[in-house]
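Novice: Take this structure, written in structure tokens, and hold onto it; I'll ask about it next.
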Amino acid sequence: MRDIERAGGPPRLAIRHRTVDGVRVVTVQGQIDKDVEDVFYEALLPEDVATARARIVVDLRDVTFMDSSGINVFITVHQRVSDAQGWLRIAGARESVVRLLHVVGLDTLIDCHPTVEQALAP
């Protein structure tokens, strides 16, 4: 788990990883913005994870805010894993995040699912 903290406040972003049937599941909690962009990218696609056929599900159910920084990370990671015959899926996003994904058209590029279980289905 990795936490990014605010001075004097609760963690701004918490990230947990697990693997389910060979799929990397990244659970994100908090806010995704410019201040945590690099950490978010590294959480989705760390250097020690080969991109060849990488399969990644990002669980956003506890993300309360995301700006264009998060969108940029998703696009970059999607391109890298797609080029290597892998895939990236988004799961459980709250309505405000779903709206953002829809407005920028990211939901047409990356599969979005209501739950992690549905995102993990073949």
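Ordering of the structure tokens sets the chain letters (A, B, ...); residue numbers start at 1 within each chain; ligands are numbered from 1 in the order shown.
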I'd like the neighbourhood of segment 101-112 of chain A as a list in words, where a residue qualifies if any of its atoms comes within 10 Å (using only C-alpha atoms), though same-chain residues fewer than 5 positions away should be ignored.

Specialist: Val57, Val58, Met66, Asp67, Ser68, Gly70, Ile71, Asn72, Phe74, Ile75, His78, Gln79, Trp87, Leu88, Arg89, Ile90, Ala91, Gly92, Ala93, Glu95, Ser96, Gln118 and Ala119 of chain A

Novice: Fewer than 2 positions away in the same chain doesn't count, so skip those; otherwise give me all residues within 10 Å of Arg55 of chain A, counting only C-alpha atoms, as an mmCIF file with N, CA and C atoms, in the first residue's frame.

Specialist:
data_model
loop_
_atom_site.group_PDB
_atom_site.id
_atom_site.type_symbol
_atom_site.label_atom_id
_atom_site.label_comp_id
_atom_site.auth_asym_id
_atom_site.auth_seq_id
_atom_site.Cartn_x
_atom_site.Cartn_y
_atom_site.Cartn_z
ATOM 1 N N THR A 19 -3.297 -9.378 -7.055
ATOM 2 C CA THR A 19 -3.386 -10.080 -8.335
ATOM 3 C C THR A 19 -4.487 -11.113 -8.234
ATOM 4 N N GLY A 22 -3.971 -13.686 -12.431
ATOM 5 C CA GLY A 22 -3.002 -13.080 -13.327
ATOM 6 C C GLY A 22 -3.299 -11.643 -13.725
ATOM 7 N N VAL A 23 -4.385 -11.078 -13.209
ATOM 8 C CA VAL A 23 -4.746 -9.697 -13.517
ATOM 9 C C VAL A 23 -4.335 -8.814 -12.343
ATOM 10 N N ARG A 24 -3.624 -7.749 -12.641
ATOM 11 C CA ARG A 24 -3.213 -6.785 -11.610
ATOM 12 C C ARG A 24 -4.422 -5.904 -11.284
ATOM 13 N N VAL A 25 -4.869 -5.935 -10.021
ATOM 14 C CA VAL A 25 -5.991 -5.103 -9.579
ATOM 15 C C VAL A 25 -5.414 -3.999 -8.700
ATOM 16 N N THR A 51 5.115 -4.897 -19.459
ATOM 17 C CA THR A 51 3.894 -4.491 -20.141
ATOM 18 C C THR A 51 3.408 -5.545 -21.117
ATOM 19 N N ALA A 52 4.241 -6.536 -21.425
ATOM 20 C CA ALA A 52 3.827 -7.582 -22.359
ATOM 21 C C ALA A 52 2.602 -8.307 -21.809
ATOM 22 N N ARG A 53 1.519 -8.161 -22.506
ATOM 23 C CA ARG A 53 0.247 -8.789 -22.143
ATOM 24 C C ARG A 53 -0.229 -8.435 -20.737
ATOM 25 N N VAL A 57 -6.828 -3.959 -13.914
ATOM 26 C CA VAL A 57 -8.127 -3.414 -13.550
ATOM 27 C C VAL A 57 -7.876 -2.357 -12.479
ATOM 28 N N VAL A 81 -0.008 -0.627 -22.541
ATOM 29 C CA VAL A 81 -0.409 -2.037 -22.420
ATOM 30 C C VAL A 81 -1.061 -2.544 -23.703
ATOM 31 N N SER A 82 -1.781 -1.694 -24.404
ATOM 32 C CA SER A 82 -2.395 -2.112 -25.676
ATOM 33 C C SER A 82 -1.335 -2.426 -26.721
ATOM 34 N N GLN A 85 -0.158 -5.890 -26.378
ATOM 35 C CA GLN A 85 -1.207 -6.908 -26.430
ATOM 36 C C GLN A 85 -1.893 -7.148 -25.075
ATOM 37 N N GLY A 86 -1.849 -6.180 -24.186
ATOM 38 C CA GLY A 86 -2.533 -6.287 -22.901
ATOM 39 C C GLY A 86 -3.786 -5.434 -22.896
ATOM 40 N N TRP A 87 -4.351 -5.234 -21.710
ATOM 41 C CA TRP A 87 -5.530 -4.374 -21.592
ATOM 42 C C TRP A 87 -5.604 -3.692 -20.236
ATOM 43 N N LEU A 88 -6.368 -2.611 -20.214
ATOM 44 C CA LEU A 88 -6.625 -1.818 -19.018
ATOM 45 C C LEU A 88 -8.132 -1.642 -18.918
ATOM 46 N N ARG A 89 -8.682 -1.876 -17.726
ATOM 47 C CA ARG A 89 -10.116 -1.683 -17.496
ATOM 48 C C ARG A 89 -10.319 -0.866 -16.231
ATOM 49 N N LEU A 120 -13.113 -8.136 -14.260
ATOM 50 C CA LEU A 120 -12.245 -9.312 -14.307
ATOM 51 C C LEU A 120 -12.765 -10.423 -15.213
#

Novice: Quick one: residues within 9 Å of Glu37 of chain A, only C-alpha atoms, excluding same-chain residues fewer than 2 positions away - as number ranges by chain?

Specialist: A: 32-35, 39-42, 69-70, 72-73

Novice: Could you pull out the residues in chain A that DSSP calls strand (DSSP E) from the backbone, as a VMD selection string?

Specialist: chain A and resid 2 to 5 11 to 20 23 to 32 55 to 66 87 to 91 111 to 113

Novice: One decimal, Å: what's the distance from atom CA of Thr76 of chain A over to atom CA of Ile56 of chain A, could you say?

Specialist: 13.2 Å

Novice: Step one, run DSSP on the backbone; step two, keep only residues of chain A assigned to helix (DSSP H, G or I); then write them as a ChimeraX atom specification.

Specialist: /A:34-44,68-83,95-103,106-109,116-120

Novice: Tell me, in Å to one decimal, how far atom CA of Arg16 of chain A is from atom CA of Leu44 of chain A.

Specialist: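 Those two atoms sit 10.2 Å apart.
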
Novice: Quick check, in Å to one decimal: how far apart do atom CA of Ala14 of chain A and atom CA of Asp62 of chain A lie?

Specialist: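 It comes out at 9.6 Å.
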